[in-house]
Structures are given as structure tokens and as C-alpha cells.
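Here's the structure we're looking at; comments come further down.
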There are 2 protein chains.
Amino acid sequence: MSTLAQGKAELERASTAQKVADMLRERVLDGELAPGLRLSEEAIGGALGVSRNTLREAFRLLTRDRLLVHEHSRGVFVRRPTGDDVRDLYAARRVIECGALRLWNDVTDAQREAVRAPVRQAVARAEKNDWTKAGQANIQFHRGIVGLAGSTRLSDESDRLFAELMLAFRVAQEINDFHQAYLPWNRRIVELLNNGGVQQAVDQLAEYFDAAEEDLVARLDAAQP
Amino acid sequence: MSTLAQGKAELERASTAQKVADMLRERVLDGELAPGLRLSEEAIGGALGVSRNTLREAFRLLTRDRLLVHEHSRGVFVRRPTGDDVRDLYAARRVIECGALRLWNDVTDAQREAVRAPVRQAVARAEKNDWTKAGQANIQFHRGIVGLAGSTRLSDESDRLFAELMLAFRVAQEINDFHQAYLPWNRRIVELLNNGGVQQAVDQLAEYFDAAEEDLVARLDAAQP
DNA sequence: ATTGTGGGATTGTTGAACGATTTGACGATA
DNA sequence: TATCGTCAAATCGTTCAACAATCCCACAAT
């Protein structure tokens, strides 16, 4: 029965708009479609071989994820996060992740492992100088923290916040070395959690957010007038 | 200059899809479009005088808000929240609102007042037996709590959670008397906050969530097999 | 009672069309 | 020279019609 349940996802055909949206999302997060770029309906639709109506549905999906911004009669643009956006994002993360981390002692072992494992991965990958994968593991670490809350809605929204943050990293031109600087913080947090110091771990996480936000805002304001 | 900024909102014409979505959202939250109902593209589009394509864009917007669910090649339906949905919703609220409430001593007076005022309103309206308005004030109370975080993204997402919860109330057929039962809780929370007992207020809020969730899930499972 | 098997209705997607809006260049005026 | 209309081109917003793909339901067959 379990194998049947796995096959379910494959059977659920994705709509064309969904597939187009997934493709565009990748391009945006990769940086191939740079922040601020305008996405012409005709050009993109022609290149992808889908009609304008279908493409517009894909745009709506990405607008929901805040990767694109829609301006009336002007078109859709790849979002270019500002300093205020970053402050807003970190205000949300502070509440969500610190709140979730406080549940550490009330969750399953699997949930706790979903926090610990990514840090081990990040360390291993950092030693190989694979900062791209180390950065992905860093994201997984924070996804694991949110997962402690046990709410798919909260996890989904957090994924959107993370994606938007990736855009901000790109604008600030610090995709890789950003995660690098804060990896030690993650290790400290996991150590504190393993030793029963949940409150101290939460404090560390809050400090991390303070430092990361300040750093990112500064670089962002420097990168764009 | 301030008057100019106010007029900005009026100038920003809403698209047809946006207006249609707003209209449908009202109908859904009113209960005029009952949970589980299928929304025919042809029927709704014809009644509202908009094309299928525009209507589909409106559907996408409401699907983002989780008021509608989209099933491939089957159409869109008014969401019918289940017990699991409610548990998920409250798991998210616990983290968000309890986390936000902990910031009580670090926010502006205006933010604190946005928490106190709705409770006063709810009490006044409850005395007049206007439970509909009392319920709205109850929502405002929780919106105020989320607002302590100072993140528009978090507030927007919370609004979606609240809207989805209203749907659950409707299915459980306890729109009005639900808020009534928990009004005393809100008063106690505000009292504790005013007397400096932030941690106790958070504990009270958590208890409120526990009770509300249990109650709602029970009624929901009883209302639908 | 369960399993094919139609046909009818609805959604998914496309392509074209036209009005509305934005944009940028061009020239007129002070 | 700088500012202000004016106009044409490009693009978006919306509608419409059409067809393929899919789902649903009733009916027949075993």
C-alpha cells in the first residue's frame, strides 16, 4: 500500500501552467532571470510554446509566492527585494522559527532529526568547499525548525519566505559566503538543543537573525540606491 | 502630501479578476457559497458577465487564500475544512500568536492598543447581544496580536488562516456562539498584559488555543462523517 | 454486485481579436 | 534649454470561439 501511495504523486498530472510556473521558479531562483527583469508575455510564451492565457496563470502562481510582482498594464517583474522587505522577512522568521524551536521537547524524534541532520550535511559539504550545497543544507536546517510546529501551512509559507530571501541574497551578491559566515551559529544551536538548553538555543537563533538581518540590509542598501 | 498618498489607493484600479475574486470571497465567507460546493466556470462566469479566462484568474486568487480548492479537470470547490485542517491551523496559530505576544514589551503603544481596543469593543457589542460584530472584534484582537510582530507578510498570512478558520466555524455551525464562549479568555489575557505578566498571558493564549481547537475539532467531526 | 462502455458535460489550452494603458520620441512653446 | 502636449508603437487586459482531454453517470453485460 505504501508503494501505491508513493505513485499517487506521479499520477497527479500537473497542469501546463503549473509546469511552466515550476520552470520559471527555477530560473528565477537560479538568477537566470535577474531581479527587476520584466517578463514579457509574448516573449516568454513564445519561447516556452504556451499561450498567453496559460502563461498568465503561471505568472499568478509565482506572484502568490512573491517571486514576481504584478504591475497593472505594465507586466510582471522578477521581484527585487528592498531593505524593508528583508526587515519584514526577518520579523516573520523571528516569530515563526523562535516560536517553533521552543517546541523542541514536545515533538517526535524524527522532527528533531530533521533539524540536526542538515547541520551535519552543511558541515560536511563546507569542508569540501561546496558552498552551494552547504547553503541548501542551511535552508533545510531552517525548514526543519519550522517543521517542529507540525503545520503544513506554516511550513509552506516559510518556504515562500525562504525563496524570497534567496532573491534578496542574489541582489546583495552574497549567495554563498552568506551561509558560510553563519554555519557556526547553526552548530552552536544544535549543541545547545542536545544539551537541553532550549531557551539558550532560542536566544542564539534570535541573535543569528539580528546579525543576519543587519548584514543583509546593509549589503542590500549598498548594492542598490 | 498625506492626502495624495491616500488617493493613491483609489487610483490603483483593481483588475476585473481582482474584483470578481473579492466578490466571491465575500460570498464564500458569508456562507452563501457553502463549503463543498462546486463552482461552475460557465455558470458563475455567465452570472457575473466575465469570460472564463478572467474567472479562472479570480479562482486562482481565491485558491491562494485557501478558500477554494482546485481539482484537476474537475473544477474548483469551496473548501470544506476537516479536523486535520483545524489542527494544522491551530498549530500555526500557536507558534505565530504566542511568538508575537512575547514581543509585548518591545513594541509601540499603537501596536499594544491594537490588541486592547478590540477586546473592549467585543465586550461592548456582546452586551448588546450583537454577536456578529463581537465575533469580528474577536478576530481583530488576534490580528492585533499578530501585528505585534511587525511583519506585513506574517499579518497577511494570518489573515488567510483566519479566513480559513471562519470556513471551519461555518461547517461546525458555531459561527457566533463560538466567539462568545472565549471572550472572557481575551479579557484575562489583556489584564495579564497590562499587569506585566507577559509569560502568563502567553500561557493563557496557549490554553485558549488548546480549548478552542479541541472544541472545534469535536464539532467538526460530529457535523460531517 | 461488480465490471465494462458509452455519451454528455465540464475543464484545459490554444489562437485570434480589439480596446485600454503605458512608453518613448518628437516637436511646439516659452 | 527646459517643459509641456501629442502621437504612434508596443504591450497588457479581456473576451470569444474552438477543440482536445478528462470526468461523470447511466446503462448494459457478466
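Residues in the C-alpha cells are named by chain (A, B, ... in the order shown) and by number from 1 within that chain; ligands are numbered from 1 in the order shown.
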
Distance filter 6 Å, only C-alpha atoms, chain A against chain B, as number ranges by chain: A: 88, 91-92, 95-96, 99-100, 151, 154

If we count only C-alpha atoms (C1' of nucleotides), which residues of chain D reach to within 8 Å of chain B? Please list them as a PyMOL selection string. chain D and resi 14-15+22-23

Output the contact residues of chain C with respect to chain B at a cut-off of 12 Å, based on only C-alpha atoms (C1' of nucleotides), as number ranges by chain. C: 9-14, 21

Save the residues we just selected, N, CA and C atoms (P, O5', C5', C4', C3', O3' and C1' of nucleotides), as a CSV table (one decimal), in the first residue's frame?
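Result saved to selection.csv:
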chain,number,residue,atom,x,y,z
C,9,DA,P,-25.4,17.4,-22.2
C,9,DA,O5',-24.4,18.0,-21.1
C,9,DA,C5',-24.5,17.4,-19.8
C,9,DA,C4',-23.2,17.7,-19.0
C,9,DA,C3',-22.8,19.2,-19.1
C,9,DA,O3',-22.5,19.7,-17.8
C,9,DA,C1',-21.0,17.8,-19.7
C,10,DT,P,-22.3,21.2,-17.6
C,10,DT,O5',-20.7,21.3,-17.2
C,10,DT,C5',-20.2,20.4,-16.3
C,10,DT,C4',-18.7,20.4,-16.3
C,10,DT,C3',-18.1,21.8,-16.4
C,10,DT,O3',-17.2,22.1,-15.4
C,10,DT,C1',-17.1,20.4,-18.0
C,11,DT,P,-16.4,23.5,-15.3
C,11,DT,O5',-14.9,23.1,-15.6
C,11,DT,C5',-14.3,22.0,-14.8
C,11,DT,C4',-13.1,21.5,-15.5
C,11,DT,C3',-12.0,22.6,-15.7
C,11,DT,O3',-10.7,22.0,-15.3
C,11,DT,C1',-12.5,21.7,-17.8
C,12,DG,P,-9.4,22.8,-15.3
C,12,DG,O5',-8.7,22.5,-16.8
C,12,DG,C5',-8.1,21.3,-17.0
C,12,DG,C4',-7.2,21.3,-18.2
C,12,DG,C3',-6.2,22.5,-18.2
C,12,DG,O3',-5.0,22.0,-18.8
C,12,DG,C1',-7.7,22.6,-20.1
C,13,DT,P,-3.7,23.1,-18.8
C,13,DT,O5',-3.8,23.7,-20.3
C,13,DT,C5',-3.7,22.8,-21.4
C,13,DT,C4',-4.0,23.6,-22.6
C,13,DT,C3',-3.2,24.9,-22.8
C,13,DT,O3',-2.2,24.7,-23.7
C,13,DT,C1',-5.5,25.0,-23.6
C,14,DT,P,-1.3,25.9,-24.2
C,14,DT,O5',-2.0,26.4,-25.5
C,14,DT,C5',-2.4,25.4,-26.4
C,14,DT,C4',-3.2,26.0,-27.5
C,14,DT,C3',-2.7,27.3,-28.1
C,14,DT,O3',-2.3,27.0,-29.5
C,14,DT,C1',-5.0,27.5,-27.7
C,21,DT,P,-7.9,52.6,-19.5
C,21,DT,O5',-6.3,52.5,-19.4
C,21,DT,C5',-5.7,51.3,-19.0
C,21,DT,C4',-4.2,51.2,-19.2
C,21,DT,C3',-3.5,52.5,-18.9
C,21,DT,O3',-2.6,52.3,-17.8
C,21,DT,C1',-2.8,51.6,-21.0

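Neighbouring residues of Arg25 of chain A at 9 Å or closer, counting only C-alpha atoms (C1' of nucleotides) and skipping chain neighbours under 4 positions away, are Val20, Ala21, Leu29, Asp30, Leu62 and Leu67 of chain A.
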
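Put simply, atom CA of Glu32 of chain B is 13.8 Å away from atom CA of Gln173 of chain B.
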
Looking only at alpha helix (DSSP H) from DSSP on the backbone, list the matching residues of chain B as a PyMOL selection string. chain B and resi 2-11+16-30+41-48+52-64+83-101+109-127+131-147+152-172+175-194+198-223

For DG27 of chain C, list every protein, DNA or RNA residue within 12 Å, evaluated using only C-alpha atoms (C1' of nucleotides), and leave out those in the same chain fewer than 6 positions away; present the list as number ranges by chain. D: 4-7

Which residues are near DT5 of chain C? Cut-off 10 Å, only C-alpha atoms (C1' of nucleotides), ignore same chain within fewer than 5 positions. Put them as an MDAnalysis selection string. chainID D and resid 27:29

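Shortest separation to Leu39 of chain A among D:DA17, D:DC12, D:DC24, D:DA2 occurs at residue D:DC12, atoms counted being only C-alpha atoms (C1' of nucleotides).
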
Which of segment 64-180 of chain B end up as strand (DSSP E) when DSSP is run on this backbone - answer as a ChimeraX atom specification? /B:68-71,75-78

Find the residues near Gln136 of chain B: any atom within 10 Å, counting only C-alpha atoms (C1' of nucleotides), skip ones fewer than 2 places away on the same chain, and give them as a VMD selection string. chain B and resid 118 121 to 122 131 to 134 138 to 141 176 179

When you look at segment 186-200 of chain A with a cut-off of 9 Å (counting only C-alpha atoms (C1' of nucleotides)), what residues show up, excluding the ones that are within fewer than 2 positions of it in the same chain? I need them as a PyMOL selection string. chain A and resi 101-105+115-116+119-120+123+138+141+182-184+202-205+208

Generate the output file for the selected residues, N, CA and C atoms, as a short mmCIF file (atom, residue, chain, number, x, y, z; two decimals), in the first residue's frame.
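And here's selection-v1.cif as it stands now:
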data_model
loop_
_atom_site.label_atom_id
_atom_site.label_comp_id
_atom_site.auth_asym_id
_atom_site.auth_seq_id
_atom_site.Cartn_x
_atom_site.Cartn_y
_atom_site.Cartn_z
N LEU A 101 10.97 26.61 17.61
CA LEU A 101 12.10 25.97 18.31
C LEU A 101 11.77 25.70 19.78
N ARG A 102 10.90 26.51 20.35
CA ARG A 102 10.52 26.33 21.74
C ARG A 102 9.76 25.02 21.97
N LEU A 103 9.29 24.43 20.87
CA LEU A 103 8.54 23.17 20.98
C LEU A 103 9.46 21.96 20.99
N TRP A 104 10.74 22.18 21.01
CA TRP A 104 11.75 21.13 20.85
C TRP A 104 11.46 19.89 21.69
N ASN A 105 11.10 20.08 22.92
CA ASN A 105 10.91 18.94 23.83
C ASN A 105 9.56 18.24 23.66
N VAL A 115 16.15 18.61 12.14
CA VAL A 115 16.90 19.84 12.45
C VAL A 115 18.39 19.54 12.52
N ARG A 116 18.72 18.39 13.15
CA ARG A 116 20.14 18.08 13.36
C ARG A 116 20.83 17.71 12.05
N VAL A 119 22.51 20.22 9.56
CA VAL A 119 23.73 20.89 10.03
C VAL A 119 24.93 19.99 9.79
N ARG A 120 24.75 18.67 10.06
CA ARG A 120 25.85 17.74 9.77
C ARG A 120 26.19 17.79 8.28
N VAL A 123 28.07 20.97 7.34
CA VAL A 123 29.47 20.93 7.75
C VAL A 123 30.29 20.09 6.77
N ASN A 138 21.73 24.54 4.71
CA ASN A 138 21.39 25.58 5.68
C ASN A 138 19.90 25.87 5.63
N PHE A 141 18.01 23.21 7.32
CA PHE A 141 18.07 23.38 8.77
C PHE A 141 16.91 24.25 9.25
N TYR A 182 27.52 31.99 8.74
CA TYR A 182 26.62 31.69 9.85
C TYR A 182 26.48 30.21 10.15
N LEU A 183 27.29 29.40 9.49
CA LEU A 183 27.26 27.98 9.77
C LEU A 183 27.61 27.66 11.23
N PRO A 184 28.64 28.30 11.79
CA PRO A 184 28.98 28.03 13.20
C PRO A 184 27.79 28.25 14.12
N VAL A 202 17.12 29.13 21.59
CA VAL A 202 16.23 30.16 21.04
C VAL A 202 16.94 31.51 21.05
N ASP A 203 17.63 31.81 22.12
CA ASP A 203 18.35 33.08 22.19
C ASP A 203 19.41 33.17 21.10
N GLN A 204 20.11 32.06 20.90
CA GLN A 204 21.13 32.04 19.85
C GLN A 204 20.51 32.27 18.48
N LEU A 205 19.38 31.63 18.26
CA LEU A 205 18.69 31.78 16.97
C LEU A 205 18.29 33.24 16.77
N TYR A 208 21.23 35.20 15.84
CA TYR A 208 21.55 34.92 14.44
C TYR A 208 20.71 35.79 13.51
#

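As for atom CA of Ile44 of chain B and atom CA of Val76 of chain A, they are spaced 27.4 Å apart.
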
Work out how far apart atom CA of Ala126 of chain B and atom CA of Phe178 of chain B are and give it in Å to one decimal. 12.4 Å

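Compared by their closest atoms to DA8 of chain D, and using only C-alpha atoms (C1' of nucleotides), the residues C:DT29, C:DC18, C:DT23, C:DT3 rank with C:DT23 nearest.
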
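Among the candidates A:Ala124, A:Ala137, A:Ile145, A:Leu220, the residue lying nearest to Ala110 of chain A is A:Ile145 (atoms considered: only C-alpha atoms).
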
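Each of B:His142, B:Arg170, B:Arg160, B:Arg112 was compared to Phe209 of chain B using only C-alpha atoms, and B:His142 turns out to be the nearest.
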